[in-house]
>>> print(open('model_9.cif').read())   # mmCIF, C-alpha atoms
data_work
loop_
_atom_site.group_PDB
_atom_site.id
_atom_site.type_symbol
_atom_site.label_atom_id
_atom_site.label_comp_id
_atom_site.auth_asym_id
_atom_site.auth_seq_id
_atom_site.Cartn_x
_atom_site.Cartn_y
_atom_site.Cartn_z
ATOM 1 C CA GLY A 1 141.965 84.619 145.786
ATOM 2 C CA ALA A 2 138.420 85.705 145.096
ATOM 3 C CA GLY A 3 136.244 83.394 143.085
ATOM 4 C CA VAL A 4 133.508 84.207 140.583
ATOM 5 C CA SER A 5 130.841 86.417 142.111
ATOM 6 C CA GLN A 6 127.287 86.983 140.923
ATOM 7 C CA THR A 7 124.694 89.536 141.913
ATOM 8 C CA PRO A 8 121.968 89.512 142.941
ATOM 9 C CA SER A 9 121.799 86.089 144.563
ATOM 10 C CA ASN A 10 118.023 86.115 144.172
ATOM 11 C CA LYS A 11 115.800 88.103 141.867
ATOM 12 C CA VAL A 12 112.003 88.055 141.844
ATOM 13 C CA THR A 13 110.269 89.889 139.026
ATOM 14 C CA GLU A 14 106.933 90.036 137.297
ATOM 15 C CA LYS A 15 106.139 88.680 133.877
ATOM 16 C CA GLY A 16 107.002 91.198 131.185
ATOM 17 C CA LYS A 17 109.668 93.050 133.176
ATOM 18 C CA TYR A 18 113.323 93.533 132.243
ATOM 19 C CA VAL A 19 116.113 92.083 134.400
ATOM 20 C CA GLU A 20 119.894 92.318 134.514
ATOM 21 C CA LEU A 21 122.132 89.727 136.129
ATOM 22 C CA ARG A 22 125.763 90.528 136.864
ATOM 23 C CA CYS A 23 128.860 88.340 136.867
ATOM 24 C CA ASP A 24 132.321 89.285 138.120
ATOM 25 C CA PRO A 25 134.863 86.672 136.951
ATOM 26 C CA ILE A 26 138.109 85.619 138.546
ATOM 27 C CA SER A 27 140.700 88.322 137.965
ATOM 28 C CA GLY A 28 142.763 87.662 134.851
ATOM 29 C CA HIS A 29 140.364 85.147 133.328
ATOM 30 C CA THR A 30 139.742 86.074 129.705
ATOM 31 C CA ALA A 31 136.948 83.560 129.092
ATOM 32 C CA LEU A 32 133.497 83.975 130.618
ATOM 33 C CA TYR A 33 130.444 81.744 130.250
ATOM 34 C CA TRP A 34 126.758 81.952 131.137
ATOM 35 C CA TYR A 35 124.631 78.868 131.807
ATOM 36 C CA ARG A 36 120.997 78.353 132.798
ATOM 37 C CA GLN A 37 119.939 75.563 135.132
ATOM 38 C CA SER A 38 116.289 74.601 135.441
ATOM 39 C CA LEU A 39 115.071 72.583 138.411
ATOM 40 C CA GLY A 40 116.220 68.989 138.261
ATOM 41 C CA GLN A 41 118.422 69.558 135.215
ATOM 42 C CA GLY A 42 122.094 70.097 134.537
ATOM 43 C CA PRO A 43 123.341 73.538 133.505
ATOM 44 C CA GLU A 44 122.755 74.439 129.847
ATOM 45 C CA PHE A 45 125.124 76.689 127.952
ATOM 46 C CA LEU A 46 123.915 80.152 126.934
ATOM 47 C CA ILE A 47 126.890 82.234 125.771
ATOM 48 C CA TYR A 48 130.695 82.401 125.850
ATOM 49 C CA PHE A 49 132.864 85.524 125.818
ATOM 50 C CA GLN A 50 136.527 85.695 124.920
ATOM 51 C CA GLY A 51 137.598 89.122 126.082
ATOM 52 C CA THR A 52 134.938 91.659 125.142
ATOM 53 C CA GLY A 53 133.391 89.719 122.277
ATOM 54 C CA ALA A 54 130.674 87.072 122.358
ATOM 55 C CA ALA A 55 132.507 84.276 120.584
ATOM 56 C CA ASP A 56 129.672 81.739 120.844
ATOM 57 C CA ASP A 57 126.061 82.763 121.579
ATOM 58 C CA SER A 58 124.482 79.624 120.150
ATOM 59 C CA GLY A 59 122.820 78.742 123.458
ATOM 60 C CA LEU A 60 120.742 81.891 123.842
ATOM 61 C CA PRO A 61 117.134 80.677 123.570
ATOM 62 C CA ASN A 62 115.704 83.714 121.734
ATOM 63 C CA ASP A 63 116.255 87.402 121.092
ATOM 64 C CA ARG A 64 114.913 88.395 124.530
ATOM 65 C CA PHE A 65 118.258 87.276 125.947
ATOM 66 C CA PHE A 66 121.355 89.387 125.489
ATOM 67 C CA ALA A 67 124.715 89.611 127.252
ATOM 68 C CA VAL A 68 127.559 92.108 127.257
ATOM 69 C CA ARG A 69 131.098 92.301 128.564
ATOM 70 C CA PRO A 70 132.198 95.800 127.545
ATOM 71 C CA GLU A 71 135.602 95.919 129.242
ATOM 72 C CA GLY A 72 136.478 92.248 129.117
ATOM 73 C CA SER A 73 135.843 91.676 132.809
ATOM 74 C CA VAL A 74 132.358 92.048 134.334
ATOM 75 C CA SER A 75 129.489 90.671 132.280
ATOM 76 C CA THR A 76 125.767 91.414 132.396
ATOM 77 C CA LEU A 77 123.071 89.033 131.190
ATOM 78 C CA LYS A 78 119.968 90.944 130.150
ATOM 79 C CA ILE A 79 116.517 89.442 129.756
ATOM 80 C CA GLN A 80 113.713 91.480 128.205
ATOM 81 C CA ARG A 81 109.970 90.858 128.585
ATOM 82 C CA THR A 82 110.550 88.059 131.090
ATOM 83 C CA GLU A 83 108.333 84.989 130.954
ATOM 84 C CA ARG A 84 107.514 82.465 133.683
ATOM 85 C CA GLY A 85 109.570 79.906 131.767
ATOM 86 C CA ASP A 86 112.677 82.041 132.314
ATOM 87 C CA SER A 87 112.591 81.120 136.020
ATOM 88 C CA ALA A 88 115.821 79.224 136.696
ATOM 89 C CA MET A 89 119.251 79.447 138.278
ATOM 90 C CA TYR A 90 121.610 81.478 136.096
ATOM 91 C CA LEU A 91 125.222 80.450 136.529
ATOM 92 C CA CYS A 92 128.328 82.265 135.418
ATOM 93 C CA ALA A 93 131.762 80.668 135.014
ATOM 94 C CA SER A 94 135.186 81.898 134.019
ATOM 95 C CA SER A 95 138.396 80.253 132.863
ATOM 96 C CA PRO A 96 141.926 81.495 132.145
ATOM 97 C CA GLY A 97 141.378 80.951 128.429
ATOM 98 C CA LEU A 98 139.389 78.978 125.895
ATOM 99 C CA ALA A 99 138.958 75.292 126.776
ATOM 100 C CA ASP A 100 140.519 75.720 130.219
ATOM 101 C CA THR A 101 138.854 74.502 133.401
ATOM 102 C CA GLN A 102 135.755 76.529 134.221
ATOM 103 C CA TYR A 103 135.119 77.883 137.727
ATOM 104 C CA PHE A 104 131.540 78.680 138.627
ATOM 105 C CA GLY A 105 129.949 81.409 140.693
ATOM 106 C CA PRO A 106 127.169 80.842 143.238
ATOM 107 C CA GLY A 107 124.443 81.685 140.716
ATOM 108 C CA THR A 108 121.445 84.007 140.591
ATOM 109 C CA ARG A 109 118.068 82.431 141.280
ATOM 110 C CA LEU A 110 115.547 84.195 138.998
ATOM 111 C CA THR A 111 111.846 83.816 139.706
ATOM 112 C CA VAL A 112 109.307 85.284 137.281
ATOM 113 C CA LEU A 113 105.837 85.568 138.774
ATOM 114 C CA GLY B 114 125.477 66.367 118.993
ATOM 115 C CA GLU B 115 127.160 65.851 122.328
ATOM 116 C CA ASP B 116 125.194 64.166 125.107
ATOM 117 C CA VAL B 117 126.010 63.118 128.668
ATOM 118 C CA GLU B 118 124.006 60.550 130.621
ATOM 119 C CA GLN B 119 124.072 59.792 134.341
ATOM 120 C CA SER B 120 122.020 57.686 136.705
ATOM 121 C CA LEU B 121 119.812 59.992 138.779
ATOM 122 C CA PHE B 122 120.096 58.679 142.341
ATOM 123 C CA LEU B 123 122.555 56.861 144.577
ATOM 124 C CA SER B 124 122.074 56.067 148.239
ATOM 125 C CA VAL B 125 124.924 54.823 150.454
ATOM 126 C CA ARG B 126 125.757 54.466 154.131
ATOM 127 C CA GLU B 127 128.399 56.595 155.790
ATOM 128 C CA GLY B 128 131.823 54.988 155.487
ATOM 129 C CA ASP B 129 130.961 53.041 152.319
ATOM 130 C CA SER B 130 132.365 53.810 148.880
ATOM 131 C CA SER B 131 130.181 55.586 146.323
ATOM 132 C CA VAL B 132 130.520 55.083 142.588
ATOM 133 C CA ILE B 133 128.812 57.517 140.234
ATOM 134 C CA ASN B 134 128.740 56.594 136.558
ATOM 135 C CA CYS B 135 128.513 58.678 133.407
ATOM 136 C CA THR B 136 128.509 58.031 129.670
ATOM 137 C CA TYR B 137 129.325 60.635 127.043
ATOM 138 C CA THR B 138 129.170 60.796 123.283
ATOM 139 C CA ASP B 139 131.953 63.053 122.002
ATOM 140 C CA SER B 140 135.119 60.995 121.620
ATOM 141 C CA SER B 141 137.131 64.133 120.822
ATOM 142 C CA SER B 142 136.657 65.603 124.327
ATOM 143 C CA THR B 143 140.056 66.554 125.709
ATOM 144 C CA TYR B 144 139.004 66.831 129.330
ATOM 145 C CA LEU B 145 136.124 65.366 131.312
ATOM 146 C CA TYR B 146 134.959 66.938 134.550
ATOM 147 C CA TRP B 147 133.153 66.194 137.782
ATOM 148 C CA TYR B 148 131.375 69.022 139.577
ATOM 149 C CA LYS B 149 129.510 68.976 142.916
ATOM 150 C CA GLN B 150 126.451 71.089 143.684
ATOM 151 C CA GLU B 151 124.990 71.516 147.156
ATOM 152 C CA PRO B 152 121.367 72.709 147.534
ATOM 153 C CA GLY B 153 120.849 76.249 146.264
ATOM 154 C CA ALA B 154 124.539 76.713 145.477
ATOM 155 C CA GLY B 155 126.747 76.990 142.417
ATOM 156 C CA LEU B 156 128.973 74.257 141.023
ATOM 157 C CA GLN B 157 132.205 73.299 142.734
ATOM 158 C CA LEU B 158 134.900 71.712 140.578
ATOM 159 C CA LEU B 159 135.843 68.380 142.136
ATOM 160 C CA THR B 160 138.275 66.916 139.671
ATOM 161 C CA TYR B 161 138.944 66.398 135.986
ATOM 162 C CA ILE B 162 140.754 63.898 133.836
ATOM 163 C CA PHE B 163 142.677 64.324 130.618
ATOM 164 C CA SER B 164 141.440 62.060 127.846
ATOM 165 C CA ASN B 165 144.760 60.224 127.463
ATOM 166 C CA MET B 166 144.592 59.012 131.070
ATOM 167 C CA ASP B 167 142.787 55.943 132.370
ATOM 168 C CA MET B 168 142.728 56.876 136.029
ATOM 169 C CA LYS B 169 143.289 59.838 138.301
ATOM 170 C CA GLN B 170 143.344 59.748 142.093
ATOM 171 C CA ASP B 171 142.945 62.785 144.323
ATOM 172 C CA GLN B 172 142.652 61.997 148.036
ATOM 173 C CA ARG B 173 139.270 60.245 148.488
ATOM 174 C CA LEU B 174 138.329 60.690 144.833
ATOM 175 C CA THR B 175 139.204 58.270 142.024
ATOM 176 C CA VAL B 176 138.211 58.932 138.432
ATOM 177 C CA LEU B 177 138.221 56.094 135.913
ATOM 178 C CA LEU B 178 137.962 56.703 132.178
ATOM 179 C CA ASN B 179 137.153 54.048 129.594
ATOM 180 C CA LYS B 180 137.523 55.804 126.255
ATOM 181 C CA LYS B 181 136.501 52.782 124.220
ATOM 182 C CA ASP B 182 133.116 52.618 125.957
ATOM 183 C CA LYS B 183 132.951 56.413 126.553
ATOM 184 C CA HIS B 184 132.367 55.720 130.226
ATOM 185 C CA LEU B 185 133.522 57.856 133.138
ATOM 186 C CA SER B 186 133.137 57.077 136.822
ATOM 187 C CA LEU B 187 133.775 58.883 140.084
ATOM 188 C CA ARG B 188 134.520 56.837 143.189
ATOM 189 C CA ILE B 189 134.334 58.490 146.595
ATOM 190 C CA ALA B 190 136.043 56.467 149.302
ATOM 191 C CA ASP B 191 134.827 56.562 152.929
ATOM 192 C CA THR B 192 131.722 58.573 151.986
ATOM 193 C CA GLN B 193 130.670 61.139 154.589
ATOM 194 C CA THR B 194 127.320 62.852 155.206
ATOM 195 C CA GLY B 195 128.926 66.063 153.919
ATOM 196 C CA ASP B 196 129.306 64.375 150.537
ATOM 197 C CA SER B 197 125.524 64.436 150.089
ATOM 198 C CA ALA B 198 124.960 66.603 147.015
ATOM 199 C CA ILE B 199 124.297 66.445 143.284
ATOM 200 C CA TYR B 200 127.260 65.351 141.171
ATOM 201 C CA PHE B 201 127.537 66.408 137.541
ATOM 202 C CA CYS B 202 129.640 64.848 134.840
ATOM 203 C CA ALA B 203 130.595 67.214 131.993
ATOM 204 C CA GLU B 204 132.454 67.178 128.702
ATOM 205 C CA ALA B 205 133.523 70.098 126.569
ATOM 206 C CA ASN B 206 131.839 70.627 123.208
ATOM 207 C CA GLN B 207 133.943 70.227 120.072
ATOM 208 C CA ALA B 208 134.770 73.934 119.868
ATOM 209 C CA GLY B 209 135.790 73.985 123.534
ATOM 210 C CA THR B 210 133.440 76.931 124.104
ATOM 211 C CA ALA B 211 130.957 75.200 126.399
ATOM 212 C CA LEU B 212 130.535 72.347 128.833
ATOM 213 C CA ILE B 213 127.830 69.773 128.219
ATOM 214 C CA PHE B 214 126.415 68.484 131.501
ATOM 215 C CA GLY B 215 124.475 65.420 132.481
ATOM 216 C CA LYS B 216 121.299 65.766 134.539
ATOM 217 C CA GLY B 217 123.257 65.054 137.713
ATOM 218 C CA THR B 218 123.333 62.194 140.204
ATOM 219 C CA THR B 219 121.857 62.899 143.639
ATOM 220 C CA LEU B 220 124.029 61.204 146.274
ATOM 221 C CA SER B 221 122.338 60.589 149.602
ATOM 222 C CA VAL B 222 124.534 59.485 152.511
ATOM 223 C CA SER B 223 122.877 58.078 155.610
ATOM 224 C CA SER B 224 124.567 57.744 158.986
#
>>> encode(input="model_9.cif", output="structure tokens")
Amino acid sequence: GAGVSQTPSNKVTEKGKYVELRCDPISGHTALYWYRQSLGQGPEFLIYFQGTGAADDSGLPNDRFFAVRPEGSVSTLKIQRTERGDSAMYLCASSPGLADTQYFGPGTRLTVL
Amino acid sequence: GEDVEQSLFLSVREGDSSVINCTYTDSSSTYLYWYKQEPGAGLQLLTYIFSNMDMKQDQRLTVLLNKKDKHLSLRIADTQTGDSAIYFCAEANQAGTALIFGKGTTLSVSS
């Protein structure tokens, strides 16, 4: 079956702009996760959704970052007033439920000029 | 808090075995994971081990878990050039809401 998909695969923006990154999880997976991976580092947790609600957003670095999952399927990660330090690979994962094995998408490479 | 440590580089010759090591801090982790990442790509789940197991074998992959020392290893038998990638060890946080990753081990396989 189809895996996790993410769009766009690459996004280049200018400092101060707003960006949206989309994640389409595996069908039927109720849990969805966002991670950020900087160059040379492992992925770092941002936020976890169970259904439509953000059950754990402790990894969001500041209030410029926000994520939604209005119908419990597709999720959008939104970054306001982007900064050069936001440049990274943004990875989405889904799992059947909480604490189940997570399956990752191909990621969105964000570059802030 | 939880922390995962890995050695950063490993270089082997094609046909040799590779052993990638990892240490973790949270003894309550139920599962421990190995993911593979090729350049510019997302993470591919390789294998995982339940915390009450000592060993798990899956074709060319063998995972060993030493709970006392909080040490996890991944052995790849008959390493191929296609195995060249970054390998990440991960444990779940206490709430089970997130994975905590190491910095990754870059495996380089020469022919």
>>> closest_residue(input="model_9.cif", among="B:Leu174, B:Leu145, B:Ala154, B:Ile189", to="chain A", atoms="all atoms listed in the file")
B:Ala154
>>> atom_distance(input="model_9.cif", atom1="atom CA of Ala205 of chain B", atom2="atom CA of Tyr144 of chain B")
7.0 Å
>>> closest_residue(input="model_9.cif", among="A:Gln80, A:Ser75, A:Thr108, A:Thr13", to="chain B", atoms="all atoms listed in the file")
A:Thr108
>>> resolve_selection(input="model_9.cif", expression="the PyMOL selection byres ((chain A and resi 53-69) around 12)", output="count of residues only")
52
>>> resolve_selection(input="model_9.cif", expression="the PyMOL selection byres ((chain A) within 6 of (chain B))", output="ChimeraX atom specification")
/A:41-42,99,104-107
>>> write_last_selection(input="model_9.cif", atoms="C-alpha atoms", output="mmCIF file, keeping the file's coordinate frame")
data_model
loop_
_atom_site.group_PDB
_atom_site.id
_atom_site.type_symbol
_atom_site.label_atom_id
_atom_site.label_comp_id
_atom_site.auth_asym_id
_atom_site.auth_seq_id
_atom_site.Cartn_x
_atom_site.Cartn_y
_atom_site.Cartn_z
ATOM 1 C CA GLN A 41 118.422 69.558 135.215
ATOM 2 C CA GLY A 42 122.094 70.097 134.537
ATOM 3 C CA ALA A 99 138.958 75.292 126.776
ATOM 4 C CA PHE A 104 131.540 78.680 138.627
ATOM 5 C CA GLY A 105 129.949 81.409 140.693
ATOM 6 C CA PRO A 106 127.169 80.842 143.238
ATOM 7 C CA GLY A 107 124.443 81.685 140.716
#
>>> residues_around(input="model_9.cif", residues="Val176 of chain B", least_positions_apart="5", cutoff="7 Å", atoms="all atoms listed in the file", output="list in words")
Met168, Lys169, Gln170, Ser186, Leu187 and Arg188 of chain B
>>> closest_residue(input="model_9.cif", among="A:Ala88, A:Ser27, A:Gly97, A:Ser9", to="Gly40 of chain A", atoms="only C-alpha atoms")
A:Ala88
>>> atom_distance(input="model_9.cif", atom1="atom CA of Val125 of chain B", atom2="atom CA of Val222 of chain B")
5.1 Å
>>> closest_residue(input="model_9.cif", among="B:Asn179, B:Glu204, B:Asp171, B:Leu220", to="Asp116 of chain B", atoms="all atoms listed in the file")
B:Glu204
>>> resolve_selection(input="model_9.cif", expression="the PyMOL selection byres ((chain B and resi 119) around 6)", output="JSON, numbers by chain")
{"B": [118, 120, 135, 215]}
>>> decode(input="model_9.cif", residues="segment 41-96 of chain A", atoms="C-alpha atoms", output="compact mmCIF listing (two decimals), in the first residue's frame")
# COMPACT_ATOMS: atom_id res chain seq x y z
CA GLN A 41 21.96 15.38 13.18
CA GLY A 42 19.29 12.84 13.97
CA PRO A 43 15.62 13.78 13.65
CA GLU A 44 14.22 15.83 16.55
CA PHE A 45 10.61 15.55 17.61
CA LEU A 46 8.30 18.52 17.01
CA ILE A 47 4.69 17.43 17.54
CA TYR A 48 2.45 14.37 17.81
CA PHE A 49 -1.21 14.09 16.80
CA GLN A 50 -3.65 11.44 17.94
CA GLY A 51 -6.59 11.85 15.61
CA THR A 52 -7.34 15.54 15.16
CA GLY A 53 -5.77 16.77 18.38
CA ALA A 54 -2.16 17.70 19.09
CA ALA A 55 -1.51 15.41 22.02
CA ASP A 56 2.13 16.44 22.51
CA ASP A 57 3.56 19.67 21.05
CA SER A 58 6.49 19.90 23.45
CA GLY A 59 9.04 19.82 20.62
CA LEU A 60 7.86 22.92 18.78
CA PRO A 61 10.75 25.38 19.13
CA ASN A 62 8.67 28.58 19.42
CA ASP A 63 5.31 30.09 18.57
CA ARG A 64 6.26 30.61 14.90
CA PHE A 65 5.65 26.88 14.42
CA PHE A 66 2.14 25.50 14.31
CA ALA A 67 0.58 22.30 12.98
CA VAL A 68 -2.96 21.16 12.27
CA ARG A 69 -4.73 17.94 11.38
CA PRO A 70 -8.36 19.03 11.01
CA GLU A 71 -9.88 15.77 9.78
CA GLY A 72 -7.55 13.33 11.47
CA SER A 73 -5.71 12.43 8.28
CA VAL A 74 -3.62 15.00 6.38
CA SER A 75 -1.51 17.33 8.49
CA THR A 76 0.03 20.70 7.69
CA LEU A 77 3.06 22.15 9.46
CA LYS A 78 3.02 25.94 9.30
CA ILE A 79 6.01 28.17 9.90
CA GLN A 80 5.56 31.93 10.19
CA ARG A 81 8.25 34.59 9.69
CA THR A 82 10.81 32.00 8.61
CA GLU A 83 14.40 32.39 9.74
CA ARG A 84 17.60 31.00 8.20
CA GLY A 85 17.90 28.68 11.19
CA ASP A 86 14.65 26.99 10.16
CA SER A 87 16.45 25.47 7.16
CA ALA A 88 16.31 21.70 7.65
CA MET A 89 14.66 18.50 6.49
CA TYR A 90 11.14 18.21 7.90
CA LEU A 91 10.04 14.62 8.31
CA CYS A 92 6.57 13.28 8.92
CA ALA A 93 5.77 9.82 10.30
CA SER A 94 2.61 7.91 11.07
CA SER A 95 1.77 4.84 13.12
CA PRO A 96 -1.38 2.76 13.65
